[in-house]
Each structure stands twice: as structure tokens, then as C-alpha cells.
Amino acid sequence: MDFPIAEYKSRLARTQAEIRARKLDALLVHQPENVLYLSGFHTTGFFMYHALVVPTEGEPVLILRGMEDQAAAATSWVEQRFTYADTEEPISATRRALQALKLDAAKIGIDHHSWFLTLDRYATLRELLPRVRFERDDQTIDRQRLIKTPLEIEALRTAARIVEAGVQAGIDAIAPDVSERDLAKAIFTALIDAGGEPPLFGNITTGPRTLQLHGQWTDRRIERGDQIYYEISGVSRHYFSKLMRTTVLGEPSADQSRTAEILLRAQDEGIAKMRAGAAAIDIDRACRDPVLRAGLRETYPNRVGYSTGLTYRPSSGEFLREFMPDSDWTLEAGMVLHMLLMAKGIGFSDTILVTEGGPEYLTRFDRKLFVR
């Protein structure tokens, strides 16, 4: 397991208190991050059906593919598990679990927002469990995950050291005629050597390709004058810290230097406001408006920051809190946010912990336009 059992039981107690407050009998959880958050169970095979039943009292119950049972035994503290064979309808295991818990005629919250509760799976649940009254869950577990515990923050600090090693190796590898594939090899080797976990992925683009928001590496070779753009994740105990930096091979142009200076200054001013009680809209304005006023972008419709922590691919963000021009939420101590600004193929980001006294940079990498 990634954490002591006491950490998981504390999370479970908070979840069960909310279930009781909503007058539900249980939650049926499908989102992999939330299953992992409460149970410790981790697998890369989440493309198959997996779920967690969380009753109002007692321990949760795992529902999983039979061939994943050994993984559950190794990674999870949850002892009661219901499995299905590949020749079987997976939802039948959920029916058996709810019947065993005497919840097959209960009022159960279900995570409509999960990417893994497909329309087909939901229809089958309703068909096999006709007496269950399913109610839309209001992201009970997701909202808990916004405020990190000390053990989670420790994992994110470790992930920050890992991603710094990867980005530094990527910068050190930049030279004329080096390919993006060579840069990826240097970065991912460094991430592994620093203790990084799968998944190993990131945005690695050079030259005109830096205008791609989520570009992957290719066989393109670097030329003098090129920008090299990295957005990399370090992963520790399934917690993600992210870091974005840009390098120029050769002397930067006046426009490249001006763009980097404006982005960094705006981001510095926005991050400085990140303390408990601050309005997200004020931080968004501090980051976004200078970029638009300077004419670096005609429009800036995408987010300039978002919550991060425990995540599964394909995302390395939580999709729980985002900095947008109409944000109406307030920062709380213990939130961890990935703050990013980009324009003209140049970008910078850091992973920030919100405290009562202000922001703490979990990533502590030089904030500048690098030159090789």
C-alpha cells in the first residue's frame, strides 16, 4: 500500500459521514482515482469494470476482474472482494456484492461524472438491480481529495523532485541536431533514476511544433534558434507534480525574451496571491490579463491553473478546480494547483501548495527562459 491503513480509514470515515448526511445507504464508486483513494487498490487495467461499494458503516467492498485479485491483495487493505471472470457479465459481481450487503433495494449514490461509468454499464446496473434507487453523487470523494493530507503533500514533494530531475536532464541534452526522441530518452531515464513511477509521458516539442498544446516527441531534429518546450510530470505514489519550462537553442530573439519576461512576471504576481481565502477569479485575472494586454495572444480561452494530485491517465489534473475568467471558488489551505501560462510556443508552470500564509512552490526549478 502507498500509505498506512490509518490514512485510508480516516478518508473512509469522512466519506461515510457525508453519505449519512445525504441520507444515502451507500456509494457505488467507479472513478479509478476515488477507488484508489479509499481502498489503495491500483491497477493499469482500469479499462475493465472495477468498482467500490462504500456503505454507511463498516468497511468498503471491492468489485474487480478476477485476474486483478492478486493486485488487490498486494495493494489494498480492503479484504472483502467480489470478482468476475472474463466470460461473465462484470455487473453481476456488483449485484452479488450488493445482495451480500443487503443493499440490493437501497438508495445508493453513484458517480455519474466518472469517465468509467459508461451508458452501457449504467443501463446494465439498472437492469440487474431494478430495486436499487440510484442517485447522482455530488462528487463526495472528489471534493475530499482537494485538500491534501500531510502524507499526500509528502508524496507531491517527492514527485516535484522527480520532475525537476527529468526537466534538468532534458535541458542538458539540448544541442544542434539532437532529435526530440533523444530528448525524451534523456528525460524519461532521469525520471526513472530519480524514483519516478509510471506513467512516463509528457509534452516535448521543438521549433514550430511548440505551438501544439499537447505535442508528443517525434524524430524532428533541433536547429539553432529553435524553442524547446517541456511539460513533464513526476509521479510518486500515484501523485503528480508538473513542471513546464522553455529553452532556446542559441541567442533568444527580442520577441522571445519579451514574451518570457511578461509570462513570468504575470505568473509571479498571480501565484503571490495564492493563500487560503483568496478568490480564484482575482488570481486568474492577475495571470491572464497582462498576457492579453501585451498582445501575446489574441484570445486566452484556456485555463491558467488547475488542481492536481492523485490522478490516472489520460489526465494529470483533477478537473475539480480550475482558474478561468469566471471562477467563483475560494482557495483553501491544503489545495495543490498546477499554474501555467503559455504564449507563442513559450510556457512556464509550477506546482503550488496553498497555505494560510501564502503559496509554497513544491517545484523549485529556476524560473527563467533557458538558453543553450
# chains A, B, ... in the order shown; residues from 1 in each chain; ligands from 1
call {"tool": "select_by_dssp", "arguments": {"residues": "segment 194-341 of chain A", "states": "alpha helix (DSSP H)", "output": "ChimeraX atom specification"}}
result
/A:254-272,280-293
call {"tool": "residues_around", "arguments": {"residues": "Glu180 of chain A", "least_positions_apart": "4", "cutoff": "12 Å", "atoms": "only C-alpha atoms", "output": "count of residues only"}}
result
32
call {"tool": "select_by_dssp", "arguments": {"residues": "segment 60-111 of chain A", "states": "strand (DSSP E)", "output": "PyMOL selection string"}}
result
chain A and resi 61-65+81-84+107-110
call {"tool": "write_last_selection", "arguments": {"atoms": "N, CA and C atoms", "output": "PDB file, in the first residue's frame"}}
result
ATOM      1  N   VAL A  61     -16.231  -2.536  -0.007  1.00  0.00           N
ATOM      2  CA  VAL A  61     -16.123  -3.799  -0.728  1.00  0.00           C
ATOM      3  C   VAL A  61     -15.653  -3.515  -2.145  1.00  0.00           C
ATOM      4  N   LEU A  62     -14.639  -4.250  -2.582  1.00  0.00           N
ATOM      5  CA  LEU A  62     -14.116  -4.091  -3.941  1.00  0.00           C
ATOM      6  C   LEU A  62     -14.821  -5.032  -4.910  1.00  0.00           C
ATOM      7  N   ILE A  63     -15.064  -4.541  -6.116  1.00  0.00           N
ATOM      8  CA  ILE A  63     -15.590  -5.349  -7.219  1.00  0.00           C
ATOM      9  C   ILE A  63     -14.583  -5.244  -8.346  1.00  0.00           C
ATOM     10  N   LEU A  64     -14.060  -6.378  -8.808  1.00  0.00           N
ATOM     11  CA  LEU A  64     -12.971  -6.311  -9.752  1.00  0.00           C
ATOM     12  C   LEU A  64     -12.898  -7.556 -10.627  1.00  0.00           C
ATOM     13  N   ARG A  65     -12.159  -7.398 -11.704  1.00  0.00           N
ATOM     14  CA  ARG A  65     -11.894  -8.520 -12.604  1.00  0.00           C
ATOM     15  C   ARG A  65     -11.102  -9.587 -11.854  1.00  0.00           C
ATOM     16  N   ARG A  81     -13.832  -8.854  -1.290  1.00  0.00           N
ATOM     17  CA  ARG A  81     -13.758  -8.552  -2.718  1.00  0.00           C
ATOM     18  C   ARG A  81     -14.672  -9.516  -3.478  1.00  0.00           C
ATOM     19  N   PHE A  82     -15.356  -8.977  -4.468  1.00  0.00           N
ATOM     20  CA  PHE A  82     -16.198  -9.778  -5.361  1.00  0.00           C
ATOM     21  C   PHE A  82     -15.610  -9.675  -6.762  1.00  0.00           C
ATOM     22  N   THR A  83     -15.340 -10.830  -7.362  1.00  0.00           N
ATOM     23  CA  THR A  83     -14.674 -10.838  -8.663  1.00  0.00           C
ATOM     24  C   THR A  83     -15.577 -11.436  -9.733  1.00  0.00           C
ATOM     25  N   TYR A  84     -15.226 -11.146 -10.968  1.00  0.00           N
ATOM     26  CA  TYR A  84     -15.936 -11.735 -12.109  1.00  0.00           C
ATOM     27  C   TYR A  84     -14.914 -12.312 -13.079  1.00  0.00           C
ATOM     28  N   LYS A 107     -30.991   2.922  -1.318  1.00  0.00           N
ATOM     29  CA  LYS A 107     -30.781   4.199  -2.015  1.00  0.00           C
ATOM     30  C   LYS A 107     -29.278   4.441  -2.075  1.00  0.00           C
ATOM     31  N   ILE A 108     -28.721   4.415  -3.282  1.00  0.00           N
ATOM     32  CA  ILE A 108     -27.263   4.402  -3.457  1.00  0.00           C
ATOM     33  C   ILE A 108     -26.831   5.565  -4.342  1.00  0.00           C
ATOM     34  N   GLY A 109     -25.853   6.317  -3.872  1.00  0.00           N
ATOM     35  CA  GLY A 109     -25.257   7.364  -4.696  1.00  0.00           C
ATOM     36  C   GLY A 109     -24.319   6.743  -5.718  1.00  0.00           C
ATOM     37  N   ILE A 110     -24.325   7.286  -6.926  1.00  0.00           N
ATOM     38  CA  ILE A 110     -23.490   6.735  -7.988  1.00  0.00           C
ATOM     39  C   ILE A 110     -22.817   7.881  -8.741  1.00  0.00           C
TER      40      ILE A 110
END
call {"tool": "residues_around", "arguments": {"residues": "Val54 of chain A", "least_positions_apart": "5", "cutoff": "6 Å", "atoms": "only C-alpha atoms", "output": "VMD selection string"}}
result
chain A and resid 26 to 27 60
call {"tool": "residues_around", "arguments": {"residues": "Phe41 of chain A", "least_positions_apart": "4", "cutoff": "12 Å", "atoms": "only C-alpha atoms", "output": "JSON, numbers by chain"}}
result
{"A": [1, 2, 3, 8, 32, 33, 34, 35, 36, 37, 45, 46, 50, 51, 52, 60, 61, 62, 63, 64, 68, 69, 70, 71, 72, 73, 74, 75, 76, 77, 78, 79, 81, 237, 238]}
call {"tool": "write_last_selection", "arguments": {"atoms": "C-alpha atoms", "output": "short mmCIF file (atom, residue, chain, number, x, y, z; two decimals), in the first residue's frame"}}
result
data_model
loop_
_atom_site.label_atom_id
_atom_site.label_comp_id
_atom_site.auth_asym_id
_atom_site.auth_seq_id
_atom_site.Cartn_x
_atom_site.Cartn_y
_atom_site.Cartn_z
CA MET A 1 0.00 0.00 0.00
CA ASP A 2 1.07 3.56 -0.62
CA PHE A 3 0.05 4.79 2.85
CA TYR A 8 -7.32 5.16 4.33
CA PRO A 32 -10.30 4.92 -10.54
CA GLU A 33 -8.79 7.78 -8.52
CA ASN A 34 -11.58 7.52 -5.96
CA VAL A 35 -11.36 3.73 -5.75
CA LEU A 36 -7.61 4.09 -5.14
CA TYR A 37 -8.11 6.97 -2.68
CA GLY A 45 -6.23 -2.50 -16.12
CA PHE A 46 -8.92 0.03 -15.24
CA HIS A 50 -13.97 -2.08 -11.38
CA ALA A 51 -15.98 -0.51 -8.57
CA LEU A 52 -16.05 0.07 -4.83
CA PRO A 60 -15.90 -0.97 1.78
CA VAL A 61 -16.12 -3.80 -0.73
CA LEU A 62 -14.12 -4.09 -3.94
CA ILE A 63 -15.59 -5.35 -7.22
CA LEU A 64 -12.97 -6.31 -9.75
CA GLU A 68 -6.77 -8.46 -10.74
CA ASP A 69 -7.43 -10.11 -7.39
CA GLN A 70 -3.74 -10.64 -6.65
CA ALA A 71 -3.07 -6.96 -7.37
CA ALA A 72 -5.82 -6.04 -4.92
CA ALA A 73 -4.38 -8.35 -2.29
CA ALA A 74 -0.98 -6.67 -2.70
CA THR A 75 -2.07 -3.02 -2.89
CA SER A 76 -5.31 -2.73 -0.89
CA TRP A 77 -6.33 -3.00 2.75
CA VAL A 78 -9.89 -3.97 1.72
CA GLU A 79 -10.44 -7.66 2.49
CA ARG A 81 -13.76 -8.55 -2.72
CA ARG A 237 2.64 7.01 -5.05
CA HIS A 238 0.34 7.96 -7.97
#
call {"tool": "atom_distance", "arguments": {"atom1": "atom CA of Arg95 of chain A", "atom2": "atom CA of Phe134 of chain A"}}
result
13.4 Å
call {"tool": "residues_around", "arguments": {"residues": "segment 243-258 of chain A", "least_positions_apart": "3", "cutoff": "7 Å", "atoms": "only C-alpha atoms", "output": "list in words"}}
result
Val163, Arg224, Gly225, Asp226, Gln227, Ile228, Tyr229, Tyr230, Glu231, Ile232, Ser233, Glu261, Ile262, Ile346, Gly347, Phe348, Ser349, Asp350, Thr351, Leu369, Phe370, Val371 and Arg372 of chain A
call {"tool": "closest_atom_pairs", "arguments": {"of": "segment 78-122 of chain A", "to": "segment 305-327 of chain A", "cutoff": "12 Å", "atoms": "only C-alpha atoms", "output": "tab-separated table"}}
result
residue	atom	partner	partner_atom	distance
A:His113	CA	A:Phe319	CA	10.7
A:Ser114	CA	A:Phe319	CA	11.3
A:Trp115	CA	A:Pro314	CA	10.5
A:Phe116	CA	A:Tyr312	CA	11.7
call {"tool": "closest_residue", "arguments": {"among": "A:Ala123, A:Leu213, A:Ala160, A:Ala276", "to": "Tyr361 of chain A", "atoms": "only C-alpha atoms"}}
result
A:Ala160
call {"tool": "closest_residue", "arguments": {"among": "A:Asp328, A:Arg131, A:Arg297, A:Leu264", "to": "Asp282 of chain A", "atoms": "only C-alpha atoms"}}
result
A:Asp328
call {"tool": "residues_around", "arguments": {"residues": "Thr118 of chain A", "least_positions_apart": "4", "cutoff": "12 Å", "atoms": "only C-alpha atoms", "output": "ChimeraX atom specification"}}
result
/A:30-31,47-49,111-114,122-125
call {"tool": "write_last_selection", "arguments": {"atoms": "N, CA and C atoms", "output": "CSV table (one decimal), in the first residue's frame"}}
result
chain,number,residue,atom,x,y,z
A,30,HIS,N,-16.9,4.3,-9.2
A,30,HIS,CA,-16.3,3.8,-10.4
A,30,HIS,C,-15.0,4.6,-10.8
A,31,GLN,N,-14.9,5.8,-10.4
A,31,GLN,CA,-13.7,6.6,-10.8
A,31,GLN,C,-12.5,6.0,-10.2
A,47,PHE,N,-9.4,-0.2,-17.6
A,47,PHE,CA,-10.2,-0.2,-18.8
A,47,PHE,C,-11.3,-1.3,-18.6
A,48,MET,N,-11.1,-2.3,-17.8
A,48,MET,CA,-12.2,-3.3,-17.4
A,48,MET,C,-13.0,-2.7,-16.3
A,49,TYR,N,-14.1,-3.3,-16.0
A,49,TYR,CA,-15.0,-2.8,-15.0
A,49,TYR,C,-14.4,-3.1,-13.6
A,111,ASP,N,-21.6,7.7,-9.2
A,111,ASP,CA,-20.8,8.7,-9.7
A,111,ASP,C,-21.0,8.9,-11.2
A,112,HIS,N,-22.1,9.6,-11.6
A,112,HIS,CA,-22.4,9.9,-13.0
A,112,HIS,C,-21.2,10.6,-13.7
A,113,HIS,N,-20.4,11.3,-12.9
A,113,HIS,CA,-19.3,12.1,-13.5
A,113,HIS,C,-18.1,11.2,-13.9
A,114,SER,N,-18.1,10.0,-13.5
A,114,SER,CA,-17.0,9.1,-13.8
A,114,SER,C,-16.9,8.8,-15.3
A,122,TYR,N,-24.1,1.6,-17.0
A,122,TYR,CA,-25.2,2.2,-16.1
A,122,TYR,C,-26.6,1.5,-16.4
A,123,ALA,N,-26.8,1.3,-17.7
A,123,ALA,CA,-28.0,0.6,-18.1
A,123,ALA,C,-28.1,-0.8,-17.6
A,124,THR,N,-26.9,-1.5,-17.6
A,124,THR,CA,-26.9,-2.9,-17.1
A,124,THR,C,-27.1,-2.9,-15.6
A,125,LEU,N,-26.5,-1.9,-14.9
A,125,LEU,CA,-26.7,-1.8,-13.4
A,125,LEU,C,-28.2,-1.7,-13.1
call {"tool": "residues_around", "arguments": {"residues": "Ile192 of chain A", "least_positions_apart": "2", "cutoff": "12 Å", "atoms": "only C-alpha atoms", "output": "PyMOL selection string"}}
result
chain A and resi 159+161-163+165-166+169+185-190+194-201+233-236
call {"tool": "write_last_selection", "arguments": {"atoms": "C-alpha atoms", "output": "CSV table (one decimal), in the first residue's frame"}}
result
chain,number,residue,atom,x,y,z
A,159,ALA,CA,7.1,13.9,-7.2
A,161,ARG,CA,12.0,16.4,-7.0
A,162,ILE,CA,11.5,13.7,-9.6
A,163,VAL,CA,10.1,16.0,-12.3
A,165,ALA,CA,15.4,15.8,-12.4
A,166,GLY,CA,13.6,15.0,-15.7
A,169,ALA,CA,18.1,16.2,-18.0
A,185,LYS,CA,15.1,9.3,-23.8
A,186,ALA,CA,17.1,11.7,-21.5
A,187,ILE,CA,14.0,12.9,-19.7
A,188,PHE,CA,12.4,9.6,-19.0
A,189,THR,CA,15.7,7.9,-18.0
A,190,ALA,CA,16.2,10.7,-15.5
A,194,ALA,CA,15.1,9.7,-9.6
A,195,GLY,CA,12.4,7.2,-8.4
A,196,GLY,CA,9.6,8.2,-10.8
A,197,GLU,CA,6.7,5.8,-11.3
A,198,PRO,CA,4.7,5.1,-14.5
A,199,PRO,CA,3.1,6.6,-16.5
A,200,LEU,CA,6.1,8.1,-18.3
A,201,PHE,CA,4.7,10.8,-20.6
A,233,SER,CA,5.1,15.1,-14.8
A,234,GLY,CA,6.8,13.4,-11.9
A,235,VAL,CA,4.8,10.7,-10.2
A,236,SER,CA,5.2,9.4,-6.7
call {"tool": "closest_residue", "arguments": {"among": "A:Pro130, A:Gly345, A:Pro150, A:Gly270", "to": "His214 of chain A", "atoms": "only C-alpha atoms"}}
result
A:Gly345
call {"tool": "closest_residue", "arguments": {"among": "A:Glu152, A:Asp25, A:Glu127, A:Glu88", "to": "Pro4 of chain A", "atoms": "only C-alpha atoms"}}
result
A:Glu152
